[in-house]
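Here's entry37.tsv, which has TSV, C-alpha atoms and all ligand atoms:
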```tsv
chain	number	residue	atom	x	y	z
A	992	MET	CA	20.42	-19.70	-11.41
A	993	SER	CA	17.73	-18.19	-13.57
A	994	LYS	CA	16.67	-14.63	-12.97
A	995	LYS	CA	13.35	-13.75	-11.38
A	996	GLY	CA	11.03	-12.02	-13.86
A	997	ILE	CA	9.45	-8.91	-12.37
A	998	ALA	CA	6.57	-6.68	-13.43
A	999	ILE	CA	6.05	-3.34	-11.70
A	1000	LEU	CA	2.54	-1.90	-11.82
A	1001	GLY	CA	2.89	1.80	-11.14
A	1002	SER	CA	6.60	2.12	-11.90
A	1003	THR	CA	6.57	5.94	-12.02
A	1004	GLY	CA	5.19	6.41	-8.49
A	1005	SER	CA	7.10	6.65	-5.24
A	1006	ILE	CA	7.26	2.87	-4.61
A	1007	GLY	CA	7.81	2.08	-8.28
A	1008	THR	CA	10.84	4.33	-8.65
A	1009	GLN	CA	12.36	3.01	-5.42
A	1010	ALA	CA	11.72	-0.57	-6.55
A	1011	LEU	CA	13.70	0.10	-9.72
A	1012	GLU	CA	16.62	1.32	-7.60
A	1013	VAL	CA	16.41	-1.84	-5.49
A	1014	ILE	CA	16.33	-4.07	-8.57
A	1015	GLU	CA	19.24	-2.20	-10.11
A	1016	GLN	CA	21.48	-3.44	-7.28
A	1017	PHE	CA	21.03	-7.07	-8.35
A	1018	PRO	CA	21.35	-7.41	-12.13
A	1019	ASP	CA	22.00	-11.15	-11.81
A	1020	LYS	CA	18.92	-11.79	-9.66
A	1021	PHE	CA	16.14	-9.95	-11.47
A	1022	GLU	CA	14.91	-9.34	-14.96
A	1023	LEU	CA	12.40	-6.57	-15.58
A	1024	ILE	CA	9.68	-7.88	-17.83
A	1025	ALA	CA	7.04	-5.15	-17.67
A	1026	LEU	CA	6.59	-1.61	-16.39
A	1027	THR	CA	3.26	0.17	-16.24
A	1028	ALA	CA	2.29	3.76	-15.56
A	1029	ASN	CA	-0.99	5.57	-15.35
A	1030	ARG	CA	-0.17	8.78	-17.20
A	1031	ASN	CA	3.44	9.83	-16.56
A	1032	ALA	CA	4.63	9.08	-20.11
A	1033	ASP	CA	7.92	10.98	-19.87
A	1034	LEU	CA	9.16	9.09	-16.84
A	1035	LEU	CA	7.91	5.77	-18.21
A	1036	ILE	CA	9.89	6.35	-21.41
A	1037	GLU	CA	12.99	7.30	-19.41
A	1038	GLN	CA	12.65	4.16	-17.26
A	1039	ALA	CA	12.09	1.93	-20.27
A	1040	LEU	CA	15.18	3.27	-22.04
A	1041	LYS	CA	17.27	2.73	-18.93
A	1042	TYR	CA	15.96	-0.64	-17.73
A	1043	LYS	CA	14.94	-2.20	-21.06
A	1044	PRO	CA	11.83	-4.14	-20.04
A	1045	ASN	CA	10.17	-6.37	-22.62
A	1046	THR	CA	6.85	-4.49	-22.38
A	1047	VAL	CA	5.41	-1.25	-21.05
A	1048	VAL	CA	1.81	-0.18	-20.52
A	1049	ILE	CA	0.71	3.43	-20.43
A	1050	VAL	CA	-2.84	3.31	-19.08
A	1051	ASP	CA	-3.81	6.76	-20.37
A	1052	GLU	CA	-4.62	6.06	-24.03
A	1053	SER	CA	-4.01	9.66	-25.10
A	1054	GLN	CA	-0.31	9.13	-24.35
A	1055	TYR	CA	0.06	5.90	-26.32
A	1056	ASN	CA	1.57	7.43	-29.46
A	1057	LYS	CA	4.08	9.46	-27.51
A	1058	VAL	CA	5.42	6.37	-25.75
A	1059	LYS	CA	5.19	4.12	-28.80
A	1060	ASN	CA	7.05	6.60	-31.03
A	1061	VAL	CA	10.11	6.51	-28.79
A	1062	LEU	CA	10.18	2.88	-27.72
A	1063	TRP	CA	9.37	0.94	-30.88
A	1064	GLU	CA	12.89	1.27	-32.26
A	1065	HIS	CA	14.28	-0.08	-29.01
A	1066	ASP	CA	12.27	-3.26	-29.40
A	1067	ILE	CA	10.07	-2.55	-26.39
A	1068	LYS	CA	6.40	-3.45	-26.76
A	1069	VAL	CA	3.97	-0.69	-25.87
A	1070	TYR	CA	0.32	-1.14	-24.91
A	1071	SER	CA	-2.32	1.19	-23.60
A	1072	GLY	CA	-5.62	1.14	-21.67
A	1073	GLU	CA	-7.04	-0.54	-18.55
A	1074	ASP	CA	-7.42	-3.90	-20.28
A	1075	SER	CA	-3.74	-3.99	-21.16
A	1076	LEU	CA	-2.92	-3.43	-17.52
A	1077	ASN	CA	-5.04	-6.44	-16.64
A	1078	GLN	CA	-3.47	-8.57	-19.38
A	1079	VAL	CA	0.20	-7.69	-19.04
A	1080	VAL	CA	0.44	-9.42	-15.64
A	1081	GLU	CA	-0.28	-12.74	-17.35
A	1082	MET	CA	2.98	-12.79	-19.37
A	1083	THR	CA	4.72	-16.14	-18.84
A	1084	GLU	CA	8.13	-14.58	-18.12
A	1085	ILE	CA	6.74	-12.83	-15.04
A	1086	GLU	CA	7.22	-14.58	-11.71
A	1087	THR	CA	6.42	-11.73	-9.30
A	1088	VAL	CA	4.16	-8.73	-9.80
A	1089	LEU	CA	4.90	-5.70	-7.65
A	1090	THR	CA	1.61	-3.83	-7.27
A	1091	ALA	CA	2.58	-0.23	-6.62
A	1092	THR	CA	-0.46	1.53	-8.03
A	1093	VAL	CA	-2.51	3.79	-5.78
A	1094	GLY	CA	-5.99	2.97	-4.54
A	1095	TYR	CA	-8.82	0.78	-5.78
A	1096	SER	CA	-7.31	0.60	-9.28
A	1097	GLY	CA	-4.90	-2.06	-8.02
A	1098	LEU	CA	-7.64	-4.59	-7.32
A	1099	LEU	CA	-8.43	-6.11	-10.72
A	1100	PRO	CA	-4.86	-6.37	-12.04
A	1101	THR	CA	-3.86	-8.03	-8.75
A	1102	ILE	CA	-6.69	-10.55	-9.04
A	1103	ASN	CA	-5.65	-11.25	-12.64
A	1104	ALA	CA	-2.03	-11.75	-11.62
A	1105	ILE	CA	-3.06	-14.20	-8.88
A	1106	ASN	CA	-5.28	-16.04	-11.34
A	1107	ALA	CA	-2.27	-16.34	-13.64
A	1108	GLY	CA	-0.28	-17.90	-10.77
A	1109	LYS	CA	2.06	-14.96	-10.16
A	1110	ASN	CA	3.43	-14.15	-6.72
A	1111	ILE	CA	2.47	-10.70	-5.51
A	1112	ALA	CA	4.70	-8.12	-3.86
A	1113	LEU	CA	1.86	-6.05	-2.47
A	1114	ALA	CA	2.36	-2.33	-2.07
A	1115	ASN	CA	-1.25	-1.55	-2.97
A	1116	LYS	CA	-2.91	-2.04	0.44
A	1117	GLU	CA	-6.32	-0.98	-0.90
A	1118	THR	CA	-6.56	-4.32	-2.73
A	1119	LEU	CA	-6.85	-6.15	0.59
A	1120	VAL	CA	-8.93	-3.43	2.22
A	1121	VAL	CA	-11.55	-3.60	-0.53
A	1122	ALA	CA	-11.76	-7.35	-1.09
A	1123	GLY	CA	-9.41	-9.07	1.37
A	1124	ASP	CA	-11.57	-12.17	1.69
A	1125	ILE	CA	-11.72	-12.82	-2.05
A	1126	VAL	CA	-8.07	-11.96	-2.72
A	1127	THR	CA	-6.59	-14.07	0.10
A	1128	LYS	CA	-8.83	-17.04	-0.70
A	1129	LEU	CA	-7.87	-16.89	-4.38
A	1130	ALA	CA	-4.16	-16.68	-3.53
A	1131	GLN	CA	-4.52	-19.78	-1.40
A	1132	GLN	CA	-6.34	-21.68	-4.14
A	1133	LYS	CA	-3.72	-20.73	-6.70
A	1134	GLY	CA	-0.78	-21.47	-4.39
A	1135	VAL	CA	0.41	-17.90	-4.78
A	1136	ASN	CA	2.31	-15.95	-2.12
A	1137	ILE	CA	1.47	-12.37	-1.20
A	1138	TYR	CA	4.61	-10.66	0.11
A	1139	PRO	CA	3.86	-7.41	1.93
A	1140	VAL	CA	5.69	-4.27	0.85
A	1141	ASP	CA	3.97	-1.96	3.33
A	1142	SER	CA	6.74	-1.35	5.90
A	1143	GLU	CA	4.63	-2.37	8.93
A	1144	HIS	CA	3.47	-5.60	7.33
A	1145	SER	CA	6.92	-6.37	6.04
A	1146	ALA	CA	8.16	-5.92	9.61
A	1147	ILE	CA	5.54	-8.36	10.89
A	1148	PHE	CA	6.31	-10.81	8.10
A	1149	GLN	CA	10.02	-10.60	8.94
A	1150	CYS	CA	9.23	-11.30	12.62
A	1151	LEU	CA	7.10	-14.28	11.64
A	1152	ALA	CA	9.74	-15.86	9.39
A	1153	GLY	CA	10.87	-18.96	11.27
A	1154	ASN	CA	7.81	-18.71	13.54
A	1155	PHE	CA	4.99	-19.58	11.16
A	1156	ASP	CA	3.87	-22.47	13.39
A	1157	ASN	CA	3.78	-20.38	16.57
A	1158	LYS	CA	0.53	-18.72	17.54
A	1159	ILE	CA	0.36	-14.93	17.42
A	1160	GLU	CA	-1.00	-13.37	20.60
A	1161	LYS	CA	-0.94	-9.83	19.30
A	1162	LEU	CA	0.23	-7.80	16.33
A	1163	ILE	CA	1.67	-4.41	17.23
A	1164	LEU	CA	1.39	-1.96	14.34
A	1165	THR	CA	3.46	1.14	14.85
A	1166	ALA	CA	2.39	4.55	13.55
A	1167	SER	CA	4.43	7.73	13.36
A	1168	GLY	CA	1.33	9.76	14.21
A	1169	GLY	CA	1.94	11.95	11.17
A	1170	PRO	CA	2.36	15.73	11.09
A	1171	PHE	CA	-0.67	16.38	13.33
A	1172	ARG	CA	0.18	14.09	16.22
A	1173	GLY	CA	-0.96	15.60	19.51
A	1174	LYS	CA	-3.25	18.17	17.89
A	1175	THR	CA	-6.74	18.68	19.34
A	1176	HIS	CA	-10.00	18.60	17.39
A	1177	GLU	CA	-10.12	22.39	17.67
A	1178	GLU	CA	-6.61	22.77	16.26
A	1179	LEU	CA	-7.33	20.40	13.37
A	1180	LYS	CA	-10.20	22.60	12.14
A	1181	SER	CA	-7.81	24.96	10.39
A	1182	VAL	CA	-4.91	22.78	9.25
A	1183	THR	CA	-3.94	23.13	5.58
A	1184	ARG	CA	-3.08	20.84	2.72
A	1185	GLU	CA	0.55	22.05	2.82
A	1186	GLN	CA	0.83	21.16	6.52
A	1187	ALA	CA	-0.73	17.75	5.89
A	1188	LEU	CA	1.73	17.04	3.09
A	1189	LYS	CA	4.75	17.49	5.38
A	1190	HIS	CA	5.29	14.04	6.83
A	1191	PRO	CA	7.91	14.01	9.60
A	1192	ASN	CA	9.64	10.71	8.65
A	1193	TRP	CA	8.50	9.21	5.37
A	1194	GLU	CA	8.82	10.41	1.75
A	1195	MET	CA	5.67	9.15	0.04
A	1196	GLY	CA	3.10	9.95	-2.64
A	1197	ALA	CA	0.42	12.57	-1.93
A	1198	LYS	CA	-2.48	10.18	-1.33
A	1199	ILE	CA	-0.71	8.13	1.34
A	1200	THR	CA	0.79	11.24	2.95
A	1201	ILE	CA	-2.70	12.69	3.49
A	1202	ASP	CA	-3.87	9.27	4.71
A	1203	SER	CA	-1.00	9.30	7.20
A	1204	ALA	CA	-1.98	12.74	8.48
A	1205	SER	CA	-5.60	11.63	9.01
A	1206	LEU	CA	-4.56	8.21	10.45
A	1207	MET	CA	-6.59	6.64	7.64
A	1208	ASN	CA	-3.39	5.01	6.46
A	1209	LYS	CA	-3.03	3.24	9.81
A	1210	GLY	CA	-6.67	2.23	9.65
A	1211	LEU	CA	-6.22	0.74	6.19
A	1212	GLU	CA	-3.14	-1.05	7.50
A	1213	VAL	CA	-5.08	-2.62	10.37
A	1214	ILE	CA	-7.49	-4.05	7.79
A	1215	GLU	CA	-4.59	-5.13	5.58
A	1216	ALA	CA	-2.94	-6.88	8.56
A	1217	LYS	CA	-6.11	-8.77	9.36
A	1218	TRP	CA	-6.17	-10.29	5.87
A	1219	LEU	CA	-2.45	-10.84	5.41
A	1220	PHE	CA	-1.95	-12.59	8.73
A	1221	GLY	CA	-5.45	-13.92	9.46
A	1222	ILE	CA	-5.64	-12.04	12.77
A	1223	PRO	CA	-8.88	-10.57	14.19
A	1224	ALA	CA	-9.09	-6.85	14.91
A	1225	ASP	CA	-9.05	-7.30	18.70
A	1226	LYS	CA	-5.56	-8.80	18.45
A	1227	ILE	CA	-4.16	-5.84	16.54
A	1228	GLU	CA	-2.82	-2.95	18.60
A	1229	VAL	CA	-1.77	0.39	17.15
A	1230	VAL	CA	1.11	2.11	18.96
A	1231	VAL	CA	2.22	5.61	18.06
A	1232	HIS	CA	6.01	5.69	17.76
A	1233	PRO	CA	7.03	9.10	16.41
A	1234	GLN	CA	10.59	8.15	15.42
A	1235	SER	CA	9.44	5.35	13.04
A	1236	ILE	CA	12.41	3.14	13.89
A	1237	ILE	CA	10.47	0.10	15.08
A	1238	HIS	CA	8.43	-0.72	11.99
A	1239	SER	CA	6.06	-3.12	13.80
A	1240	ALA	CA	6.20	-6.15	16.09
A	1241	VAL	CA	4.65	-9.50	16.92
A	1242	GLN	CA	3.89	-10.80	20.41
A	1243	PHE	CA	3.87	-14.59	20.69
A	1244	GLU	CA	2.06	-16.68	23.32
A	1245	ASP	CA	5.21	-17.10	25.42
A	1246	SER	CA	5.05	-13.27	25.93
A	1247	SER	CA	8.08	-12.59	23.73
A	1248	ILE	CA	7.85	-9.66	21.35
A	1249	LEU	CA	9.88	-9.67	18.15
A	1250	ALA	CA	10.22	-6.33	16.40
A	1251	GLN	CA	11.85	-5.29	13.15
A	1252	MET	CA	13.71	-1.99	13.08
A	1253	GLY	CA	15.83	0.28	10.96
A	1254	ILE	CA	15.93	3.72	9.40
A	1255	PRO	CA	12.60	4.52	7.71
A	1256	SER	CA	13.06	3.52	4.07
A	1257	MET	CA	10.68	1.73	1.75
A	1258	LYS	CA	13.60	0.12	-0.05
A	1259	VAL	CA	14.10	-2.40	2.76
A	1260	PRO	CA	10.58	-3.88	2.56
A	1261	ILE	CA	10.65	-3.72	-1.25
A	1262	GLN	CA	13.88	-5.71	-1.31
A	1263	TYR	CA	12.68	-8.27	1.24
A	1264	ALA	CA	9.46	-8.85	-0.70
A	1265	LEU	CA	11.47	-9.51	-3.86
A	1266	THR	CA	14.32	-11.57	-2.38
A	1267	TYR	CA	12.53	-13.47	0.44
A	1268	PRO	CA	13.77	-15.59	2.16
A	1269	GLU	CA	17.21	-14.25	1.29
A	1270	ARG	CA	18.72	-11.05	2.65
A	1271	PRO	CA	21.34	-10.06	0.09
A	1272	LYS	CA	23.74	-7.24	1.00
A	1273	SER	CA	22.22	-3.85	0.25
A	1274	ASN	CA	23.68	-0.38	-0.11
A	1275	PHE	CA	21.03	1.19	2.19
A	1276	ASP	CA	21.87	3.48	5.12
A	1277	ARG	CA	22.51	1.70	8.42
A	1278	PHE	CA	20.78	2.49	11.72
A	1279	SER	CA	22.69	3.30	14.89
A	1280	PHE	CA	21.13	3.26	18.37
A	1281	PHE	CA	23.44	6.12	19.33
A	1282	ASP	CA	21.69	8.42	16.85
A	1283	TYR	CA	18.34	7.71	18.53
A	1284	PRO	CA	18.81	7.71	22.31
A	1285	ASN	CA	15.05	8.22	22.85
A	1286	LEU	CA	12.54	5.94	21.21
A	1287	THR	CA	9.08	6.83	22.51
A	1288	PHE	CA	5.61	5.29	22.39
A	1289	GLU	CA	2.08	6.54	23.01
A	1290	LYS	CA	-1.59	5.66	22.49
A	1291	PRO	CA	-3.30	6.88	19.31
A	1292	ASP	CA	-6.06	9.48	19.80
A	1293	ILE	CA	-8.90	7.73	17.96
A	1294	GLU	CA	-11.58	10.20	19.06
A	1295	THR	CA	-9.80	13.08	17.34
A	1296	PHE	CA	-8.53	10.98	14.44
A	1297	LYS	CA	-11.83	9.37	13.55
A	1298	ASN	CA	-10.56	7.38	10.56
A	1299	LEU	CA	-8.63	4.90	12.68
A	1300	LYS	CA	-11.72	4.23	14.77
A	1301	LEU	CA	-13.78	3.78	11.59
A	1302	ALA	CA	-11.33	1.15	10.38
A	1303	PHE	CA	-11.82	-0.95	13.52
A	1304	GLU	CA	-15.59	-0.46	13.20
A	1305	VAL	CA	-15.74	-1.68	9.60
A	1306	LEU	CA	-13.64	-4.71	10.54
A	1307	ASP	CA	-16.31	-5.50	13.14
A	1308	MET	CA	-19.11	-4.96	10.64
A	1309	GLY	CA	-17.47	-7.05	7.92
A	1310	GLY	CA	-19.21	-7.46	4.54
A	1311	ASN	CA	-18.67	-4.63	2.08
A	1312	SER	CA	-18.12	-1.94	4.72
A	1313	ALA	CA	-14.31	-1.74	4.42
A	1314	CYS	CA	-14.80	-1.34	0.65
A	1315	VAL	CA	-17.14	1.58	1.39
A	1316	LEU	CA	-14.66	3.20	3.77
A	1317	ASN	CA	-11.89	2.89	1.19
A	1318	ALA	CA	-14.03	4.30	-1.63
A	1319	ALA	CA	-15.22	7.23	0.49
A	1320	ASN	CA	-11.68	7.93	1.59
A	1321	GLU	CA	-10.30	7.98	-1.95
A	1322	ILE	CA	-12.84	10.71	-2.70
A	1323	THR	CA	-12.38	12.72	0.51
A	1324	ASN	CA	-8.59	12.46	0.35
A	1325	LYS	CA	-8.63	13.94	-3.15
A	1326	ALA	CA	-11.27	16.53	-2.24
A	1327	PHE	CA	-9.05	17.71	0.63
A	1328	LEU	CA	-6.03	17.88	-1.69
A	1329	ASP	CA	-8.14	19.88	-4.16
A	1330	GLY	CA	-9.16	22.32	-1.45
A	1331	LYS	CA	-12.85	21.31	-1.58
A	1332	ILE	CA	-13.24	20.09	2.01
A	1333	SER	CA	-11.53	20.70	5.33
A	1334	PHE	CA	-9.24	18.20	7.03
A	1335	LEU	CA	-11.85	17.14	9.62
A	1336	GLU	CA	-14.46	16.61	6.93
A	1337	ILE	CA	-12.40	13.69	5.60
A	1338	GLY	CA	-13.37	11.53	8.58
A	1339	GLU	CA	-16.88	12.98	8.87
A	1340	ILE	CA	-17.77	12.25	5.24
A	1341	ASN	CA	-16.15	8.81	5.40
A	1342	GLU	CA	-18.39	8.02	8.38
A	1343	LYS	CA	-21.55	9.35	6.72
A	1344	THR	CA	-20.82	7.35	3.57
A	1345	ILE	CA	-20.56	4.13	5.59
A	1346	GLU	CA	-23.89	4.91	7.28
A	1347	LYS	CA	-25.67	5.64	4.01
A	1348	THR	CA	-24.35	2.85	1.76
A	1349	GLU	CA	-26.29	-0.39	1.63
A	1350	PHE	CA	-24.63	-3.14	3.68
A	1351	ILE	CA	-23.95	-6.45	1.94
A	1352	ALA	CA	-22.97	-9.24	4.33
A	1353	LYS	CA	-21.39	-11.64	1.83
A	1354	PRO	CA	-20.29	-9.62	-1.16
A	1355	THR	CA	-19.11	-11.13	-4.45
A	1356	LEU	CA	-16.43	-9.44	-6.55
A	1357	GLU	CA	-19.24	-7.81	-8.58
A	1358	ASP	CA	-20.77	-6.51	-5.34
A	1359	TYR	CA	-17.44	-4.94	-4.39
A	1360	ILE	CA	-17.13	-3.31	-7.81
A	1361	GLU	CA	-20.67	-1.93	-7.51
A	1362	THR	CA	-20.17	-0.87	-3.87
A	1363	ASN	CA	-17.03	1.01	-4.84
A	1364	LYS	CA	-18.97	2.94	-7.51
A	1365	LEU	CA	-21.93	3.77	-5.29
A	1366	ALA	CA	-19.87	4.79	-2.27
A	1367	ARG	CA	-17.65	7.05	-4.39
A	1368	LYS	CA	-20.71	8.74	-5.87
A	1369	LEU	CA	-22.22	9.25	-2.43
A	1370	ALA	CA	-18.99	10.61	-0.96
A	1371	GLU	CA	-18.66	12.94	-3.95
A	1372	ASP	CA	-22.14	14.31	-3.26
A	1373	PHE	CA	-21.19	14.92	0.38
A	1374	CYS	CA	-18.04	16.77	-0.76
A	1375	ASN	CA	-19.98	19.19	-2.97
A	1401	MG	MG	2.83	1.58	5.99
```

Can you present the structure in this file as structure tokens?
Ligand code: MG
Amino acid sequence: MSKKGIAILGSTGSIGTQALEVIEQFPDKFELIALTANRNADLLIEQALKYKPNTVVIVDESQYNKVKNVLWEHDIKVYSGEDSLNQVVEMTEIETVLTATVGYSGLLPTINAINAGKNIALANKETLVVAGDIVTKLAQQKGVNIYPVDSEHSAIFQCLAGNFDNKIEKLILTASGGPFRGKTHEELKSVTREQALKHPNWEMGAKITIDSASLMNKGLEVIEAKWLFGIPADKIEVVVHPQSIIHSAVQFEDSSILAQMGIPSMKVPIQYALTYPERPKSNFDRFSFFDYPNLTFEKPDIETFKNLKLAFEVLDMGGNSACVLNAANEITNKAFLDGKISFLEIGEINEKTIEKTEFIAKPTLEDYIETNKLARKLAEDFCN
């Protein structure tokens, strides 16, 4: 059996490093063709020396020489710049592209990879939030599969396997509730960056950890689920489940609910996305019911955590409004991390940016690119 050629976009981030550990378990199944990193040259070099991909891309051009100087004698090709990121996904040896970059930057390389006929293991949810209509349509045209890596969507996909012809009555997306679950509006006024960065269950990058604290992450996931599974917003229910053991569930029309569960670990969805439909034996920790005698569930507080409500609203509005929400949130998330705005201002500025950005009912890719620019600029003004 020939090996599956893999490219990892964003190999030095949280998902990227875990993906390398997953791939390392199966040297006879996978071959690493390309690794890309934004600016973490040291880790990219270390990964390249260990995993020996054919090609690496360091997006930050000022780091090109540093990477090149080490890797050239190991016969590893080194490229730099945004364009290289877009081009590397087209390499013929690549079968699946794992998109593990953060934010809007994942959109164009993902579209290029789909155009080149590559399957996508999608960890970059923003791609579908920004331009879900265009991306899913293109994937269909090109006969390309998009395998979810987000744990909730992987859970749903796992529940659907073997049931693709059965109608979905409801998708149940679980949410841990994050570090601020149960807090009132008043209490949230003074929460800090350090508190927001302490997620109770999941080890993740800073952007997604803040998104989890503000429930924006769940909102983005509702939008992602709509596009991945073709399900309208009114059939997607968010359930807060603080233990994060049930990763999500599907209710079918016969009333049965199938759920996928396990210890919270991104390695499980990464592996399933790369090995689907197989489930090869992994070395991951096993779950025991006896360690978790109480699994609990509650309704999300969408009045206090405005971002989740906004996500349902932009799904109703359609057009470019989810792109606006995502753009605003990338700015407010960073502004909060940089200490420029308070926690509650994240949702407030996201909302204002949606109100003030011009609505486009049927956006083209160019419209999305332009919307992203304008909304970011507007949100930046609100942050200053
Ligand atoms: Mg998730």

Residue nearest Ala1187 (chain A) among A:Tyr1070, A:Phe1350, A:Phe1327, A:Phe1021 (counting all atoms listed in the file): A:Phe1327

Near-region 1078-1089 of chain A list (8 Å; all atoms listed in the file; drop same-chain fewer than 6 positions) as a list of chain:residue names: A:Lys995, A:Gly996, A:Ile997, A:Ala998, A:Ile999, A:Leu1000, A:Ile1024, A:Ala1025, A:Val1048, A:Pro1100, A:Asn1103, A:Ala1104, A:Ala1107, A:Lys1109, A:Asn1110, A:Ile1111, A:Ala1112, A:Leu1113, A:Ala1114, A:Leu1265

Store the residues picked out above in a file with C-alpha atoms, as a CSV table (one decimal), in the coordinates of the input.
```
chain,number,residue,atom,x,y,z
A,995,LYS,CA,13.4,-13.8,-11.4
A,996,GLY,CA,11.0,-12.0,-13.9
A,997,ILE,CA,9.4,-8.9,-12.4
A,998,ALA,CA,6.6,-6.7,-13.4
A,999,ILE,CA,6.0,-3.3,-11.7
A,1000,LEU,CA,2.5,-1.9,-11.8
A,1024,ILE,CA,9.7,-7.9,-17.8
A,1025,ALA,CA,7.0,-5.2,-17.7
A,1048,VAL,CA,1.8,-0.2,-20.5
A,1100,PRO,CA,-4.9,-6.4,-12.0
A,1103,ASN,CA,-5.6,-11.2,-12.6
A,1104,ALA,CA,-2.0,-11.8,-11.6
A,1107,ALA,CA,-2.3,-16.3,-13.6
A,1109,LYS,CA,2.1,-15.0,-10.2
A,1110,ASN,CA,3.4,-14.2,-6.7
A,1111,ILE,CA,2.5,-10.7,-5.5
A,1112,ALA,CA,4.7,-8.1,-3.9
A,1113,LEU,CA,1.9,-6.0,-2.5
A,1114,ALA,CA,2.4,-2.3,-2.1
A,1265,LEU,CA,11.5,-9.5,-3.9
```

Neighbourhood of ligand MG 1401 (chain A) at 9 Å, counting all atoms listed in the file, reported as number ranges by chain: A: 1114, 1116, 1140-1145, 1165-1166, 1199, 1203, 1208-1209, 1212, 1238, 1257

Atomic distance CA of Ser1279 (chain A) - CA of Ala1264 (chain A), expressed in Å with one decimal: 23.8 Å

Distance criterion (all atoms listed in the file): nearest to Glu1346 (chain A) out of A:Asn1157, A:Asn1115, A:Ser1312, A:Ser1096: A:Ser1312

Computed interatomic separation between CA of His1190 (chain A) and CA of Ser1256 (chain A) (Å):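 CA of Ser1256 (chain A) lies at a distance of 13.4 Å from CA of His1190 (chain A).
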
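Closest to Ile1102 (chain A) among A:Thr1355, A:Asp1282, A:Val1120, A:Val1126 is A:Val1126, based on only C-alpha atoms.
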
Distance in Å - CA of Trp1218 (chain A) versus CA of Ala1204 (chain A): 23.6 Å

Distance query Gln1009 (chain A) at most 12 Å, all atoms listed in the file, self and fewer than 6 positions along chain excluded, as a ChimeraX atom specification: /A:999,1001-1003,1015-1016,1038,1089,1091,1114,1140,1194-1196,1256-1262,1275

Selection as a list in words: residues within 6 Å of (-11.7, -3.5, 2.8), counting all atoms listed in the file: Leu1119, Val1120, Val1121, Ala1122, Ala1313 and Cys1314 of chain A

Polymer residues at most 9 Å from Asn1375 (chain A), all atoms listed in the file, same-chain spacing of 4 or more positions, as a PyMOL selection string: chain A and resi 1331-1332+1370-1371

Those selected residues, please, written with C-alpha atoms and delivered as a PDB file, in the frame of the given file.
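Saved result, part_30.pdb, follows:
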```pdb
ATOM      1  CA  LYS A1331     -12.850  21.310  -1.580  1.00  0.00           C
ATOM      2  CA  ILE A1332     -13.240  20.090   2.010  1.00  0.00           C
ATOM      3  CA  ALA A1370     -18.990  10.610  -0.960  1.00  0.00           C
ATOM      4  CA  GLU A1371     -18.660  12.940  -3.950  1.00  0.00           C
TER       5      GLU A1371
END
```

Close residues, region 1242-1245 of chain A itself excluded, 9 Å, only C-alpha atoms, min 6 positions apart in chain, as a PyMOL selection string: chain A and resi 1157-1163

Write a file of the selected residues as a compact mmCIF listing (two decimals), in the coordinates of the input, keeping C-alpha atoms.
```
# COMPACT_ATOMS: atom_id res chain seq x y z
CA ASN A 1157 3.78 -20.38 16.57
CA LYS A 1158 0.53 -18.72 17.54
CA ILE A 1159 0.36 -14.93 17.42
CA GLU A 1160 -1.00 -13.37 20.60
CA LYS A 1161 -0.94 -9.83 19.30
CA LEU A 1162 0.23 -7.80 16.33
CA ILE A 1163 1.67 -4.41 17.23
```
